[in-house]
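Colleague: The structure follows.
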Amino acid sequence: MRKTLREPALVLTLVVVVGLLGFFIIYPQLRVVLVPGLAGYVEFVREQTWVKPLLHSLQITILSTTTAVTLGFVYAYAMVYSDMPWKRFFRLVGILPLLSPPFVVAASYILLFGPRGIISYRLLGQSPNVLGLGGLWGVQTIAFFPFAYQLIADVLSRSDPSLEQAARNLGAGTWEVFRTVTLPLSRPGLAAATLMTAIYVLEDFGNPALIGGQFTVLPTQAYGLISGFGDLAGAAAVSTMLTVLALLLYIGRMRLEGSRSYVTIAGRASAIPRPPVPRQVTWACFSVCLLLSLVLLLVYGVLLVSALVQAFPANFTFTLRHFDYVRTQALSLRNTLVYGGTAAIVCGLFTVLLGYLVQRREWTGRRVVDVVALLPAAIPGIFFGIGYASAFNQRWLDWLDRGALITISMIFWNIPIGYQAAVVGLQQIDRSIDEAAISLGASSLRSFRDILFPMLHSALLVGIVTTFVRAVTTLSVVIFLFTPGTTVATITIFQLINDFNWGGATAFTVAVIGMAVAVLVVIWVISGRRAAVQTMASG
Amino acid sequence: MACSNVAPASVATEHRALPTAHLRLDAVVKRFDAVTAVDHVTLAIPQGAFATLLGPSGCGKTTLLRLIAGFYEPDGGAMYLDNARIDHLPAHKRGTAMVFQDYALFPHMRVYENVAYGLRLARLPKGQIAQRVAETLQFVDLSDLVERWPKQLSGGQQQRVALARALVVRPKVLLLDEPLSNLDANLRERMRWELRALQQRLNITFLYVTHDQSEALAMSDWIAVMHQGRVEQWGTPGDIYYHPQTPFMAEFVGSANLQPAVVVQRSDHALTVRLSEHCFSVPVARPAGQLGDTVQLCIRPETLTMSDTASDHPGPPACIGLVGTIARQAFLGHVMRYWVQINGTEWIVDHPDPGAARQQHHGPVTVWLNPARIHIIWPAAYLSVEQPEYEEMED
């Protein structure tokens, strides 16, 4: 600490960063928790309106998480372990759902299986009621298994091939290697991935809002209390309950991640390949992946088709008229791009600096700041949104552009990802690198700027890309913050669906996904050029 | 190894003749939780000296170096460089450039930018930077590699870039943290001489950390041997090798036979001791202790000679013959090392130039002990008597 105090610029930076975290993460959340007051909580508990949503939330979280993780695991195992064909294709399809708001799966589900769905009505002549538990379970399974796949693939790819080769060398077969080496080593990571998926499911607002029907869960209950009854206190109490659940899952996840020390963290590609998987297993993997990616393509294909025809599924005449909505609602698309893009860049830079301050410098309270920086990962979007609404929708802040407020909420809600990427990146850079700069006369901040920051560009990229994608696809964070002038694409889609304007909604969804893909391609090209320089540097 | 008969007292004399200290540490302490990594270390290093911190891993030598660099905050004591106190300065204002074990070259900068970095921080004009970088790269023989990226260099070349990068800023003292330990054996040996020559040419104070005793002995003007956070002994390579003050010192630097012996007689410049049934006189500069004390005889393996049987060999003059049997032996290249059982204890005997030896020793042998080549290690209680130079350096 004394050492830090000797550099005033560093101290000033610290104060500003900690102040921002306190004001934009801690303060709004405290507001929500405190809004109901003691009497409010007592009444809330007595009224018991929360019992049903709570039970529903627990039920659907357990169901959807189980199925999503199972499918995600199979997909991940196939991608990491087998040498099946078409891996690039499967990887690409697996990314698609991350680039769109999860609730478009619900929309697609209605188009496929709803009362006038193409499969249910046109093919089978049924007009089922799809609202409720069953539909929601299916939809969340499809919507979140790609997330589970990403998390699990990450865990599996970190297990050390040399250990697996050693087991093979000692006489273990494919299945035995998996059972006795791979699985025990990655068990904590797999459990952590499961809990993270459970948090996504628990916090999901869009899907239950669209097809939950009478099956109210905590996020939709909170939304309903505010939009239907203007009951901010009740909504705050419900979402506090939701947040407590998410926090419990998150704490469990952190404990598991902490015990993962024996899995190679560096992610350095080992020189030796993984032991080969038998051919039957490879083909089984291929079949499952093919089936799952066809389902995903069906989900998104239906949206595309719906966007391009007169009236899906009754009239399949080609038209571009639905894209008129994209033109008339261009403001919301533009807002999404501006807010999401700004948030991504600011969040990326801020988290790299934050990672540096916490991982590299020593000062009292850095452990606390570390927890605060990771906290938003456990905060449900609906809670975060209510917090910002109640903390910053104030008269004294009227001068502040609401668009800026939305941008700020996107920045601070997404801090954990970029921050973790920065910390992991820094852990891989030996301290002697920045000490070398310091011993040559660079101040702490100068060594950060000249040496560490350029070396952290991949962590920065992770922060920027994920923040952008999450900012563009979030519904729950912004649903209490937007105004007519500052509406964003997810809100527009949500409203169009609620108006049963399927053509408009799907056209808009296509436009959003197209925009996200375009931005990612641009980032990829720019960073690709940087990567080329870096490759030269690494000879 | 020339200074065979330098008595411990002369160490203190040499100290008085030193120029004023350039880098001075005064009772420096560093704790990590319960562990005291650096325990009241006091040292004075003269301007232009090649000083080495030598010790086994975990002895606190690197911690001490990092304290001087400012990467750690000391828990006590003071540090002075050029007569100015530095321990309250941030690391980047101390003028203590450092060369790291893994070189720590900036991977995103070419050789030129790596070396120029410190000068850019000092805001030197471009032309001057270019000139000094070129000059320094020439010094370390790297002029034609300026455009390379660090990853394109061999270990030895990276090492030189790291050295050039630190030297170019003209530090008041250059700190080197085991800079040769990642090189292969031959290159390491060559770099020793290059480093030493460079240091003498530039007349910069070097503080060098290593666990390799031969490296320390070969390069240094002064060596501080560290053990459990303390400086166990401070002196010239000759002092360190021939006059170890503790059993740890004797066994850490080189190999040693340590044999307990009882003091039976004391004169002004000699001590008569009894080792089993043998009594003999050992020359000592300033005898301490009392009759009946047990001291340790430190006998280097290369000072012993060996012959096959006691009966038909007269032995070297004034030597004591000890009869034993060879337990095992190892061919080390420049010597043959024997482990000889004598009265139940094992002695190490080095036989030089094994290639020239007519016969292999086996069976009963006589080990010849030259009293003039024995060094006495006093019990810990007398250590302060034998270490006047510690008090010298505290002012």
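Following the order of the structure tokens, chains are lettered A, B, ..., residues in each are numbered from 1, and ligands are numbered from 1.
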Would you mind listing, as a VMD selection string, all residues of chain B that have at least one atom within 7 Å of chain A, where only C-alpha atoms are what counts?

Modeller: chain B and resid 69 73 90 to 93 96 to 98 100 104 to 108 118 121 149 151 to 152 166

Colleague: Could you please write out, as a ChimeraX atom specification, every residue of segment 23-156 of chain B that DSSP assigns to alpha helix (DSSP H)?

Modeller: /B:61-69,111-121,126-139,155-156

Colleague: Just to be explicit: take each residue in the selection above, keep N, CA and C atoms, and write the result as a short mmCIF file (atom, residue, chain, number, x, y, z; two decimals), in the first residue's frame.

Modeller:
```cif
data_model
loop_
_atom_site.label_atom_id
_atom_site.label_comp_id
_atom_site.auth_asym_id
_atom_site.auth_seq_id
_atom_site.Cartn_x
_atom_site.Cartn_y
_atom_site.Cartn_z
N LYS B 61 17.99 -14.03 -1.27
CA LYS B 61 18.86 -13.19 -2.11
C LYS B 61 18.07 -12.42 -3.16
N THR B 62 17.12 -13.11 -3.80
CA THR B 62 16.33 -12.42 -4.81
C THR B 62 15.41 -11.39 -4.17
N THR B 63 14.86 -11.74 -3.02
CA THR B 63 14.03 -10.78 -2.30
C THR B 63 14.82 -9.52 -1.99
N LEU B 64 16.06 -9.69 -1.56
CA LEU B 64 16.89 -8.54 -1.23
C LEU B 64 17.10 -7.68 -2.49
N LEU B 65 17.37 -8.34 -3.60
CA LEU B 65 17.59 -7.61 -4.85
C LEU B 65 16.34 -6.83 -5.24
N ARG B 66 15.17 -7.46 -5.05
CA ARG B 66 13.92 -6.80 -5.41
C ARG B 66 13.57 -5.67 -4.45
N LEU B 67 14.04 -5.80 -3.22
CA LEU B 67 13.87 -4.69 -2.28
C LEU B 67 14.67 -3.48 -2.75
N ILE B 68 15.89 -3.73 -3.22
CA ILE B 68 16.73 -2.64 -3.68
C ILE B 68 16.11 -2.01 -4.93
N ALA B 69 15.57 -2.86 -5.81
CA ALA B 69 14.94 -2.35 -7.03
C ALA B 69 13.66 -1.59 -6.73
N VAL B 111 14.23 -5.36 -31.17
CA VAL B 111 15.44 -5.19 -30.36
C VAL B 111 15.73 -3.70 -30.14
N TYR B 112 15.65 -2.93 -31.23
CA TYR B 112 15.96 -1.51 -31.12
C TYR B 112 15.04 -0.83 -30.11
N GLU B 113 13.72 -1.07 -30.23
CA GLU B 113 12.76 -0.41 -29.33
C GLU B 113 12.92 -0.87 -27.90
N ASN B 114 13.27 -2.14 -27.73
CA ASN B 114 13.52 -2.63 -26.38
C ASN B 114 14.64 -1.84 -25.72
N VAL B 115 15.75 -1.69 -26.45
CA VAL B 115 16.90 -1.01 -25.87
C VAL B 115 16.63 0.48 -25.72
N ALA B 116 15.87 1.04 -26.67
CA ALA B 116 15.62 2.48 -26.64
C ALA B 116 14.60 2.87 -25.57
N TYR B 117 13.87 1.89 -25.04
CA TYR B 117 12.72 2.22 -24.19
C TYR B 117 13.08 3.11 -23.01
N GLY B 118 14.13 2.74 -22.29
CA GLY B 118 14.52 3.52 -21.11
C GLY B 118 14.91 4.95 -21.47
N LEU B 119 15.52 5.13 -22.63
CA LEU B 119 15.94 6.47 -23.05
C LEU B 119 14.72 7.30 -23.48
N ARG B 120 13.74 6.61 -24.09
CA ARG B 120 12.51 7.31 -24.45
C ARG B 120 11.81 7.82 -23.21
N LEU B 121 11.83 6.99 -22.15
CA LEU B 121 11.20 7.41 -20.89
C LEU B 121 11.92 8.63 -20.33
N LYS B 126 15.72 12.27 -30.16
CA LYS B 126 15.77 11.07 -31.00
C LYS B 126 17.18 10.69 -31.44
N GLY B 127 17.92 11.72 -31.90
CA GLY B 127 19.26 11.46 -32.41
C GLY B 127 20.16 10.85 -31.35
N GLN B 128 20.03 11.40 -30.14
CA GLN B 128 20.86 10.92 -29.04
C GLN B 128 20.49 9.48 -28.67
N ILE B 129 19.18 9.20 -28.71
CA ILE B 129 18.73 7.84 -28.42
C ILE B 129 19.36 6.88 -29.41
N ALA B 130 19.24 7.23 -30.70
CA ALA B 130 19.77 6.34 -31.74
C ALA B 130 21.26 6.09 -31.52
N GLN B 131 21.98 7.14 -31.16
CA GLN B 131 23.42 7.01 -30.99
C GLN B 131 23.74 6.09 -29.82
N ARG B 132 23.04 6.33 -28.69
CA ARG B 132 23.36 5.52 -27.51
C ARG B 132 22.95 4.07 -27.68
N VAL B 133 21.82 3.85 -28.36
CA VAL B 133 21.39 2.47 -28.59
C VAL B 133 22.42 1.76 -29.46
N ALA B 134 22.84 2.44 -30.53
CA ALA B 134 23.82 1.82 -31.43
C ALA B 134 25.11 1.49 -30.67
N GLU B 135 25.54 2.44 -29.87
CA GLU B 135 26.75 2.27 -29.06
C GLU B 135 26.64 1.04 -28.15
N THR B 136 25.53 0.98 -27.44
CA THR B 136 25.36 -0.10 -26.46
C THR B 136 25.23 -1.45 -27.15
N LEU B 137 24.49 -1.47 -28.27
CA LEU B 137 24.33 -2.74 -28.98
C LEU B 137 25.69 -3.22 -29.50
N GLN B 138 26.54 -2.27 -29.84
CA GLN B 138 27.87 -2.64 -30.29
C GLN B 138 28.67 -3.26 -29.13
N PHE B 139 28.49 -2.65 -27.97
CA PHE B 139 29.12 -3.17 -26.75
C PHE B 139 28.83 -4.65 -26.55
N GLY B 155 18.69 -17.75 -26.92
CA GLY B 155 18.75 -17.40 -25.50
C GLY B 155 19.88 -16.45 -25.18
N GLY B 156 21.06 -16.74 -25.72
CA GLY B 156 22.21 -15.89 -25.45
C GLY B 156 22.02 -14.48 -26.00
#
```

Colleague: Taking only segment 255-495 of chain A into account, list the residues labelled strand (DSSP E) by DSSP (computed from the backbone), as a ChimeraX atom specification.

Modeller: /A:309-311,315-318

Colleague: Compare B:Pro74, B:Asn182, B:Leu53, B:Arg201 by their minimum atom-to-atom distance to Ser154 of chain B, counting only C-alpha atoms, and give me the closest one.

Modeller: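 Closest to Ser154 of chain B, using only C-alpha atoms: B:Asn182.
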
Colleague: Leaving out segment 97-111 of chain A and any residue of its chain fewer than 3 positions from it, which residues lie within 7 Å of it when counting only C-alpha atoms, given as a VMD selection string?

Modeller: chain A and resid 94 114 117 to 118 139 143 146 206 to 207 210 to 211 299 302 to 303 469 473 to 474 513 516

Colleague: Using only N, CA and C atoms, please write the residues we just selected to a file, as a PDB file, in the first residue's frame.

Modeller:
```pdb
ATOM      1  N   GLY A  94     -23.064 -23.076 -33.608  1.00  0.00           N
ATOM      2  CA  GLY A  94     -23.100 -22.964 -32.151  1.00  0.00           C
ATOM      3  C   GLY A  94     -22.955 -21.538 -31.671  1.00  0.00           C
ATOM      4  N   GLY A 114     -46.965 -23.097 -32.671  1.00  0.00           N
ATOM      5  CA  GLY A 114     -48.068 -22.341 -32.057  1.00  0.00           C
ATOM      6  C   GLY A 114     -49.410 -22.705 -32.660  1.00  0.00           C
ATOM      7  N   GLY A 117     -49.001 -22.505 -36.070  1.00  0.00           N
ATOM      8  CA  GLY A 117     -47.615 -22.837 -36.414  1.00  0.00           C
ATOM      9  C   GLY A 117     -47.522 -23.696 -37.658  1.00  0.00           C
ATOM     10  N   ILE A 118     -46.371 -23.602 -38.327  1.00  0.00           N
ATOM     11  CA  ILE A 118     -46.242 -24.305 -39.605  1.00  0.00           C
ATOM     12  C   ILE A 118     -46.246 -25.812 -39.419  1.00  0.00           C
ATOM     13  N   VAL A 139     -38.095 -24.486 -25.161  1.00  0.00           N
ATOM     14  CA  VAL A 139     -37.485 -23.283 -25.722  1.00  0.00           C
ATOM     15  C   VAL A 139     -36.176 -22.932 -24.994  1.00  0.00           C
ATOM     16  N   ALA A 143     -32.505 -22.586 -26.384  1.00  0.00           N
ATOM     17  CA  ALA A 143     -31.900 -21.255 -26.296  1.00  0.00           C
ATOM     18  C   ALA A 143     -30.589 -21.279 -25.511  1.00  0.00           C
ATOM     19  N   PRO A 146     -26.534 -23.793 -26.370  1.00  0.00           N
ATOM     20  CA  PRO A 146     -25.303 -23.262 -26.969  1.00  0.00           C
ATOM     21  C   PRO A 146     -24.420 -22.539 -25.938  1.00  0.00           C
ATOM     22  N   GLY A 206     -37.109 -12.852 -21.302  1.00  0.00           N
ATOM     23  CA  GLY A 206     -37.811 -12.777 -22.589  1.00  0.00           C
ATOM     24  C   GLY A 206     -38.634 -14.009 -22.909  1.00  0.00           C
ATOM     25  N   ASN A 207     -38.048 -15.202 -22.763  1.00  0.00           N
ATOM     26  CA  ASN A 207     -38.778 -16.425 -23.105  1.00  0.00           C
ATOM     27  C   ASN A 207     -40.003 -16.635 -22.235  1.00  0.00           C
ATOM     28  N   LEU A 210     -42.784 -14.315 -23.176  1.00  0.00           N
ATOM     29  CA  LEU A 210     -43.489 -14.562 -24.423  1.00  0.00           C
ATOM     30  C   LEU A 210     -44.348 -15.823 -24.378  1.00  0.00           C
ATOM     31  N   ILE A 211     -43.815 -16.900 -23.792  1.00  0.00           N
ATOM     32  CA  ILE A 211     -44.587 -18.145 -23.860  1.00  0.00           C
ATOM     33  C   ILE A 211     -44.839 -18.772 -22.493  1.00  0.00           C
ATOM     34  N   VAL A 299     -34.731 -23.193 -36.233  1.00  0.00           N
ATOM     35  CA  VAL A 299     -35.190 -22.084 -35.385  1.00  0.00           C
ATOM     36  C   VAL A 299     -34.918 -20.748 -36.062  1.00  0.00           C
ATOM     37  N   VAL A 302     -36.652 -20.354 -39.739  1.00  0.00           N
ATOM     38  CA  VAL A 302     -38.060 -19.952 -39.685  1.00  0.00           C
ATOM     39  C   VAL A 302     -38.174 -18.442 -39.555  1.00  0.00           C
ATOM     40  N   LEU A 303     -37.304 -17.863 -38.732  1.00  0.00           N
ATOM     41  CA  LEU A 303     -37.338 -16.412 -38.563  1.00  0.00           C
ATOM     42  C   LEU A 303     -37.035 -15.717 -39.881  1.00  0.00           C
ATOM     43  N   VAL A 469     -21.984  -7.964 -27.846  1.00  0.00           N
ATOM     44  CA  VAL A 469     -23.018  -8.955 -28.135  1.00  0.00           C
ATOM     45  C   VAL A 469     -24.080  -8.969 -27.041  1.00  0.00           C
ATOM     46  N   THR A 473     -28.081  -7.830 -27.290  1.00  0.00           N
ATOM     47  CA  THR A 473     -29.122  -8.848 -27.166  1.00  0.00           C
ATOM     48  C   THR A 473     -29.901  -8.779 -25.858  1.00  0.00           C
ATOM     49  N   THR A 474     -29.549  -7.858 -24.967  1.00  0.00           N
ATOM     50  CA  THR A 474     -30.256  -7.858 -23.684  1.00  0.00           C
ATOM     51  C   THR A 474     -31.612  -7.170 -23.800  1.00  0.00           C
ATOM     52  N   ILE A 513     -29.413  -9.471 -36.001  1.00  0.00           N
ATOM     53  CA  ILE A 513     -28.373 -10.496 -36.111  1.00  0.00           C
ATOM     54  C   ILE A 513     -27.394 -10.118 -37.213  1.00  0.00           C
ATOM     55  N   ALA A 516     -25.086  -7.483 -35.874  1.00  0.00           N
ATOM     56  CA  ALA A 516     -24.104  -8.037 -34.935  1.00  0.00           C
ATOM     57  C   ALA A 516     -23.011  -8.776 -35.687  1.00  0.00           C
TER      58      ALA A 516
END
```

Colleague: Quick one: everything within 8 Å of Thr467 of chain A, counting only C-alpha atoms, minus sequence neighbours fewer than 2 positions away in the same chain. Send it as number ranges by chain.

Modeller: A: 340, 343-344, 347-348, 410-411, 414-415, 417-418, 463-465, 469-471

Colleague: When you look at Arg337 of chain B with a cut-off of 7 Å (counting only C-alpha atoms), what residues show up, excluding the ones that are within fewer than 6 positions of it in the same chain? I need them as number ranges by chain.

Modeller: B: 329-331, 348-351
